[in-house]
>>> print(open('run_32.pdb').read())   # PDB, C-alpha atoms
ATOM      1  CA  MET A   4      14.837 -16.110  -1.912
ATOM      2  CA  LEU A   5      11.432 -16.458  -0.225
ATOM      3  CA  PRO A   6       9.552 -19.007  -2.360
ATOM      4  CA  VAL A   7       7.121 -19.706   0.496
ATOM      5  CA  TYR A   8       5.242 -16.529  -0.434
ATOM      6  CA  LYS A   9       3.463 -16.131  -3.742
ATOM      7  CA  ASN A  10       3.553 -12.337  -3.356
ATOM      8  CA  ILE A  11       4.296  -9.690  -0.748
ATOM      9  CA  ILE A  12       1.584  -7.032  -0.608
ATOM     10  CA  LEU A  13       2.158  -3.669   1.046
ATOM     11  CA  THR A  14      -0.752  -1.757   2.521
ATOM     12  CA  GLY A  15      -0.907   1.398   4.578
ATOM     13  CA  PHE A  16      -2.058   4.976   4.572
ATOM     14  CA  MET A  17      -0.847   7.487   2.001
ATOM     15  CA  GLY A  18       2.703   8.471   2.814
ATOM     16  CA  ALA A  19       3.508   5.189   4.581
ATOM     17  CA  GLY A  20       6.212   4.371   2.021
ATOM     18  CA  LYS A  21       4.576   1.523   0.103
ATOM     19  CA  THR A  22       6.112   2.391  -3.262
ATOM     20  CA  THR A  23       9.586   3.241  -1.999
ATOM     21  CA  VAL A  24       9.836   0.285   0.382
ATOM     22  CA  GLY A  25       8.222  -1.955  -2.225
ATOM     23  CA  ARG A  26      10.920  -1.252  -4.795
ATOM     24  CA  ILE A  27      13.679  -2.020  -2.291
ATOM     25  CA  LEU A  28      11.922  -5.159  -1.068
ATOM     26  CA  ALA A  29      11.357  -6.440  -4.612
ATOM     27  CA  GLN A  30      15.002  -5.962  -5.480
ATOM     28  CA  SER A  31      16.085  -7.734  -2.280
ATOM     29  CA  CYS A  32      13.792 -10.710  -2.953
ATOM     30  CA  GLY A  33      14.385 -10.908  -6.678
ATOM     31  CA  PHE A  34      10.660 -10.267  -7.148
ATOM     32  CA  GLU A  35       8.974  -7.988  -9.658
ATOM     33  CA  PHE A  36       7.640  -4.685  -8.299
ATOM     34  CA  MET A  37       4.081  -3.638  -9.133
ATOM     35  CA  ASP A  38       2.237  -0.527  -7.996
ATOM     36  CA  ILE A  39      -1.554  -0.597  -8.259
ATOM     37  CA  ASP A  40      -1.750   3.206  -8.479
ATOM     38  CA  GLN A  41       0.674   3.156 -11.434
ATOM     39  CA  ILE A  42      -1.408   0.449 -13.123
ATOM     40  CA  ILE A  43      -4.500   2.662 -12.779
ATOM     41  CA  VAL A  44      -2.701   5.721 -14.152
ATOM     42  CA  ALA A  45      -1.470   3.692 -17.147
ATOM     43  CA  SER A  46      -4.860   2.130 -17.861
ATOM     44  CA  GLN A  47      -6.815   5.386 -17.509
ATOM     45  CA  GLY A  48      -4.242   7.634 -19.147
ATOM     46  CA  LYS A  49      -4.377  10.286 -16.462
ATOM     47  CA  PRO A  50      -3.099  10.994 -12.952
ATOM     48  CA  ILE A  51      -5.079   9.782  -9.944
ATOM     49  CA  LYS A  52      -5.729  13.377  -8.935
ATOM     50  CA  ASP A  53      -7.520  13.920 -12.278
ATOM     51  CA  ILE A  54      -9.533  10.711 -11.906
ATOM     52  CA  PHE A  55     -10.798  11.925  -8.525
ATOM     53  CA  ALA A  56     -11.554  15.417  -9.880
ATOM     54  CA  GLU A  57     -13.289  14.269 -13.084
ATOM     55  CA  GLU A  58     -14.922  10.970 -12.096
ATOM     56  CA  GLY A  59     -14.992  10.905  -8.304
ATOM     57  CA  GLU A  60     -13.684   8.581  -5.617
ATOM     58  CA  GLU A  61     -16.141   5.758  -6.376
ATOM     59  CA  ALA A  62     -14.881   5.503  -9.969
ATOM     60  CA  PHE A  63     -11.315   5.420  -8.695
ATOM     61  CA  ARG A  64     -12.191   2.644  -6.214
ATOM     62  CA  ASN A  65     -13.703   0.657  -9.103
ATOM     63  CA  TYR A  66     -10.497   1.078 -11.123
ATOM     64  CA  GLU A  67      -8.531   0.046  -8.048
ATOM     65  CA  THR A  68     -10.525  -3.183  -7.677
ATOM     66  CA  GLU A  69     -10.149  -3.905 -11.411
ATOM     67  CA  ALA A  70      -6.383  -3.411 -11.193
ATOM     68  CA  LEU A  71      -6.162  -5.685  -8.152
ATOM     69  CA  LEU A  72      -8.183  -8.417  -9.850
ATOM     70  CA  SER A  73      -5.931  -8.176 -12.912
ATOM     71  CA  LEU A  74      -3.010  -9.219 -10.688
ATOM     72  CA  GLN A  75      -4.618 -12.330  -9.194
ATOM     73  CA  ASN A  76      -2.442 -14.728 -11.207
ATOM     74  CA  VAL A  77       0.792 -12.848 -10.566
ATOM     75  CA  SER A  78       3.453 -14.531  -8.461
ATOM     76  CA  GLU A  79       6.831 -13.504  -7.097
ATOM     77  CA  ALA A  80       5.908  -9.850  -6.952
ATOM     78  CA  VAL A  81       5.943  -7.121  -4.364
ATOM     79  CA  ILE A  82       2.694  -5.217  -4.836
ATOM     80  CA  ALA A  83       2.213  -1.695  -3.492
ATOM     81  CA  THR A  84      -1.457  -0.927  -3.013
ATOM     82  CA  GLY A  85      -3.272   2.372  -2.768
ATOM     83  CA  GLY A  86      -4.086   3.554   0.737
ATOM     84  CA  GLY A  87      -7.823   2.967   0.350
ATOM     85  CA  ILE A  88      -7.779  -0.472  -1.251
ATOM     86  CA  ILE A  89      -8.639  -2.053   2.103
ATOM     87  CA  LEU A  90     -11.978  -0.220   2.248
ATOM     88  CA  ARG A  91     -13.742  -2.924   0.226
ATOM     89  CA  SER A  92     -14.042  -6.316   1.888
ATOM     90  CA  GLU A  93     -13.740  -8.039  -1.497
ATOM     91  CA  ASN A  94     -10.341  -6.370  -1.954
ATOM     92  CA  ARG A  95      -9.160  -7.459   1.492
ATOM     93  CA  GLN A  96     -10.110 -11.068   0.678
ATOM     94  CA  VAL A  97      -8.292 -10.968  -2.657
ATOM     95  CA  LEU A  98      -5.190  -9.451  -1.031
ATOM     96  CA  LYS A  99      -5.049 -12.270   1.532
ATOM     97  CA  GLN A 100      -5.405 -14.875  -1.230
ATOM     98  CA  MET A 101      -2.662 -13.274  -3.305
ATOM     99  CA  GLY A 102       0.078 -13.399  -0.706
ATOM    100  CA  LEU A 103       1.432 -12.127   2.565
ATOM    101  CA  VAL A 104      -0.044  -8.739   3.489
ATOM    102  CA  VAL A 105       2.232  -6.231   5.243
ATOM    103  CA  TYR A 106       0.883  -3.044   6.834
ATOM    104  CA  LEU A 107       3.366  -0.172   6.834
ATOM    105  CA  ARG A 108       2.300   1.704   9.948
ATOM    106  CA  ALA A 109       3.343   5.260  10.732
ATOM    107  CA  SER A 110       2.160   7.843  13.215
ATOM    108  CA  PHE A 111      -0.173  10.561  12.011
ATOM    109  CA  GLU A 112       2.595  13.123  12.522
ATOM    110  CA  THR A 113       4.968  11.171  10.254
ATOM    111  CA  LEU A 114       2.295  10.645   7.599
ATOM    112  CA  LEU A 115       1.298  14.323   7.716
ATOM    113  CA  LYS A 116       4.895  15.395   7.177
ATOM    114  CA  ARG A 117       5.227  13.050   4.191
ATOM    115  CA  VAL A 118       1.898  13.822   2.449
ATOM    116  CA  SER A 119       2.267  17.580   2.862
ATOM    117  CA  GLN A 120       5.251  17.410   0.478
ATOM    118  CA  SER A 121       3.065  16.322  -2.461
ATOM    119  CA  ASP A 122       0.095  17.842  -4.230
ATOM    120  CA  GLN A 123      -0.730  14.586  -6.037
ATOM    121  CA  ARG A 124      -2.804  13.035  -3.246
ATOM    122  CA  PRO A 125      -6.462  13.938  -3.785
ATOM    123  CA  LEU A 126      -7.601  12.931  -0.293
ATOM    124  CA  ALA A 127      -4.810  14.883   1.416
ATOM    125  CA  ASP A 128      -6.202  18.380   0.988
ATOM    126  CA  LEU A 129      -4.805  20.175   3.998
ATOM    127  CA  SER A 130      -6.468  23.497   3.154
ATOM    128  CA  THR A 131      -9.254  22.669   5.614
ATOM    129  CA  GLY A 132      -6.827  21.617   8.335
ATOM    130  CA  THR A 133      -5.520  18.225   9.409
ATOM    131  CA  GLU A 134      -8.631  16.838  11.115
ATOM    132  CA  PRO A 135     -10.213  15.372   7.951
ATOM    133  CA  LEU A 136      -6.979  13.511   7.181
ATOM    134  CA  LYS A 137      -6.701  12.280  10.780
ATOM    135  CA  GLY A 138     -10.302  11.066  10.623
ATOM    136  CA  LEU A 139      -9.578   9.222   7.385
ATOM    137  CA  LEU A 140      -6.578   7.476   8.950
ATOM    138  CA  ASP A 141      -8.509   6.615  12.114
ATOM    139  CA  SER A 142     -11.335   5.100  10.065
ATOM    140  CA  ARG A 143      -8.903   2.774   8.273
ATOM    141  CA  VAL A 144      -6.506   1.633  11.003
ATOM    142  CA  SER A 145      -8.499  -1.427  12.083
ATOM    143  CA  LEU A 146      -8.651  -2.585   8.442
ATOM    144  CA  TYR A 147      -4.911  -2.097   7.926
ATOM    145  CA  GLU A 148      -4.184  -4.013  11.111
ATOM    146  CA  GLN A 149      -5.739  -7.163   9.631
ATOM    147  CA  ALA A 150      -2.426  -7.628   7.788
ATOM    148  CA  ASP A 151      -0.194 -10.646   8.381
ATOM    149  CA  ILE A 152       2.726  -8.431   9.417
ATOM    150  CA  VAL A 153       2.742  -4.896  10.822
ATOM    151  CA  ALA A 154       5.917  -2.888  10.212
ATOM    152  CA  ASP A 155       6.337   0.389  12.073
ATOM    153  CA  THR A 156       8.019   2.935   9.818
ATOM    154  CA  ASP A 157       8.461   5.890  12.162
ATOM    155  CA  ASP A 158      12.127   6.878  12.553
ATOM    156  CA  LEU A 159      13.253   4.311   9.967
ATOM    157  CA  ASP A 160      14.423   4.920   6.433
ATOM    158  CA  SER A 161      13.023   2.850   3.576
ATOM    159  CA  ARG A 162      15.960   0.412   3.558
ATOM    160  CA  GLN A 163      15.517  -0.232   7.293
ATOM    161  CA  VAL A 164      11.796  -0.902   6.809
ATOM    162  CA  ALA A 165      12.529  -3.320   3.951
ATOM    163  CA  ASP A 166      15.169  -5.082   6.071
ATOM    164  CA  TYR A 167      12.712  -5.388   8.952
ATOM    165  CA  ILE A 168      10.121  -6.967   6.647
ATOM    166  CA  LEU A 169      12.698  -9.375   5.205
ATOM    167  CA  ASP A 170      13.718 -10.380   8.710
ATOM    168  CA  ARG A 171      10.093 -11.012   9.683
ATOM    169  CA  LEU A 172       9.521 -13.029   6.501
ATOM    170  CA  LYS A 173      12.501 -15.228   7.285
ATOM    171  CA  LYS A 174      11.213 -15.820  10.811
ATOM    172  CA  VAL A 175       7.718 -16.665   9.546
ATOM    173  CA  ALA A 176       9.166 -19.009   6.896
ATOM    174  CA  GLY A 177      11.306 -20.703   9.544
ATOM    175  CA  SER A 178       8.260 -21.440  11.699
ATOM    176  CA  ASP A 179       6.355 -23.237   8.902
TER     177      ASP A 179
END
>>> encode(input="run_32.pdb", output="structure tokens")
Amino acid sequence: MLPVYKNIILTGFMGAGKTTVGRILAQSCGFEFMDIDQIIVASQGKPIKDIFAEEGEEAFRNYETEALLSLQNVSEAVIATGGGIILRSENRQVLKQMGLVVYLRASFETLLKRVSQSDQRPLADLSTGTEPLKGLLDSRVSLYEQADIVADTDDLDSRQVADYILDRLKKVAGSD
């Protein structure tokens, strides 16, 4: 449907909806759906939370980069990234080369509501309050905003976000 784009890559903070929106978007485009976090879990044989606890964040970031690089020759895929993949400049460069990067943006309040419903997010420990999580988001926003498209997800369901992205893709393709 959108052959102009090799891949559509979703970035954003934890809880932004990358996996859920990604699945809908892939189905709508006739693309394959790939989730970098799921690739890491499969390759390491354990949940991300365990990787963080046993090996630390740096090891996880290395696995994340490895997983991203393993997808460099993929085409016609919607790829959901982990929230911190944009921290490494090498990853940001690879993402841009792989396809159109879409930032799923949500307010801190929306993200907080979403991440508080899961205990599988190692960097979302709310036992010390919300300030550390807010600081983490604030430190990443300028990197997320380097995306080709920014899609606001507040007050939209996943289908509406996917439809918005599809609409933007069609407009971008029409201007080429």
>>> resolve_selection(input="run_32.pdb", expression="the PyMOL selection byres ((chain A and resi 114) around 12)", output="NGL selection string")
:A and (15-20 or 86 or 107-113 or 115-121 or 127 or 133 or 136-137 or 139-140 or 155-158)
>>> closest_residue(input="run_32.pdb", among="A:Ala80, A:Phe36, A:Asn10, A:Pro135", to="A:Thr23", atoms="all atoms listed in the file")
A:Phe36
>>> closest_residue(input="run_32.pdb", among="A:Ala150, A:Val144, A:Leu28, A:Ala62", to="A:Gln100", atoms="all atoms listed in the file")
A:Ala150
>>> atom_distance(input="run_32.pdb", atom1="atom CA of A:Val153", atom2="atom CA of A:Tyr106")
4.8 Å
>>> closest_residue(input="run_32.pdb", among="A:Ile43, A:Met101, A:Leu146, A:Ala29", to="A:Ser78", atoms="all atoms listed in the file")
A:Met101
>>> atom_distance(input="run_32.pdb", atom1="atom CA of A:Thr84", atom2="atom CA of A:Tyr147")
11.5 Å
>>> resolve_selection(input="run_32.pdb", expression="the PyMOL selection byres ((chain A and resi 97) around 12)", output="list of chain:residue names")
A:Asn10, A:Ile12, A:Thr68, A:Glu69, A:Ala70, A:Leu71, A:Leu72, A:Ser73, A:Leu74, A:Gln75, A:Asn76, A:Ile88, A:Ile89, A:Arg91, A:Ser92, A:Glu93, A:Asn94, A:Arg95, A:Gln96, A:Leu98, A:Lys99, A:Gln100, A:Met101, A:Gly102, A:Leu103, A:Val104
>>> atom_distance(input="run_32.pdb", atom1="atom CA of A:Ala45", atom2="atom CA of A:Phe63")
13.1 Å
>>> resolve_selection(input="run_32.pdb", expression="the PyMOL selection byres ((chain A and resi 162-172) around 8)", output="PyMOL selection string")
chain A and resi 5+24-25+27-28+152+154-156+159-161+173-176
>>> closest_residue(input="run_32.pdb", among="A:Asp141, A:Glu67, A:Asp38, A:Glu60", to="A:Leu13", atoms="all atoms listed in the file")
A:Asp38
>>> residues_around(input="run_32.pdb", residues="A:Gly85", least_positions_apart="2", cutoff="7 Å", atoms="all atoms listed in the file", output="list in words")
Ile39, Asp40, Ala83, Gly87 and Ile88 of chain A
>>> axis_aligned_box(input="run_32.pdb", around="stretch 74-81 of chain A", padding_each_side="6 Å", output="lines of an AutoDock Vina configuration file")
center_x = 1.1
center_y = -10.9
center_z = -7.8
size_x = 23.4
size_y = 19.6
size_z = 18.8
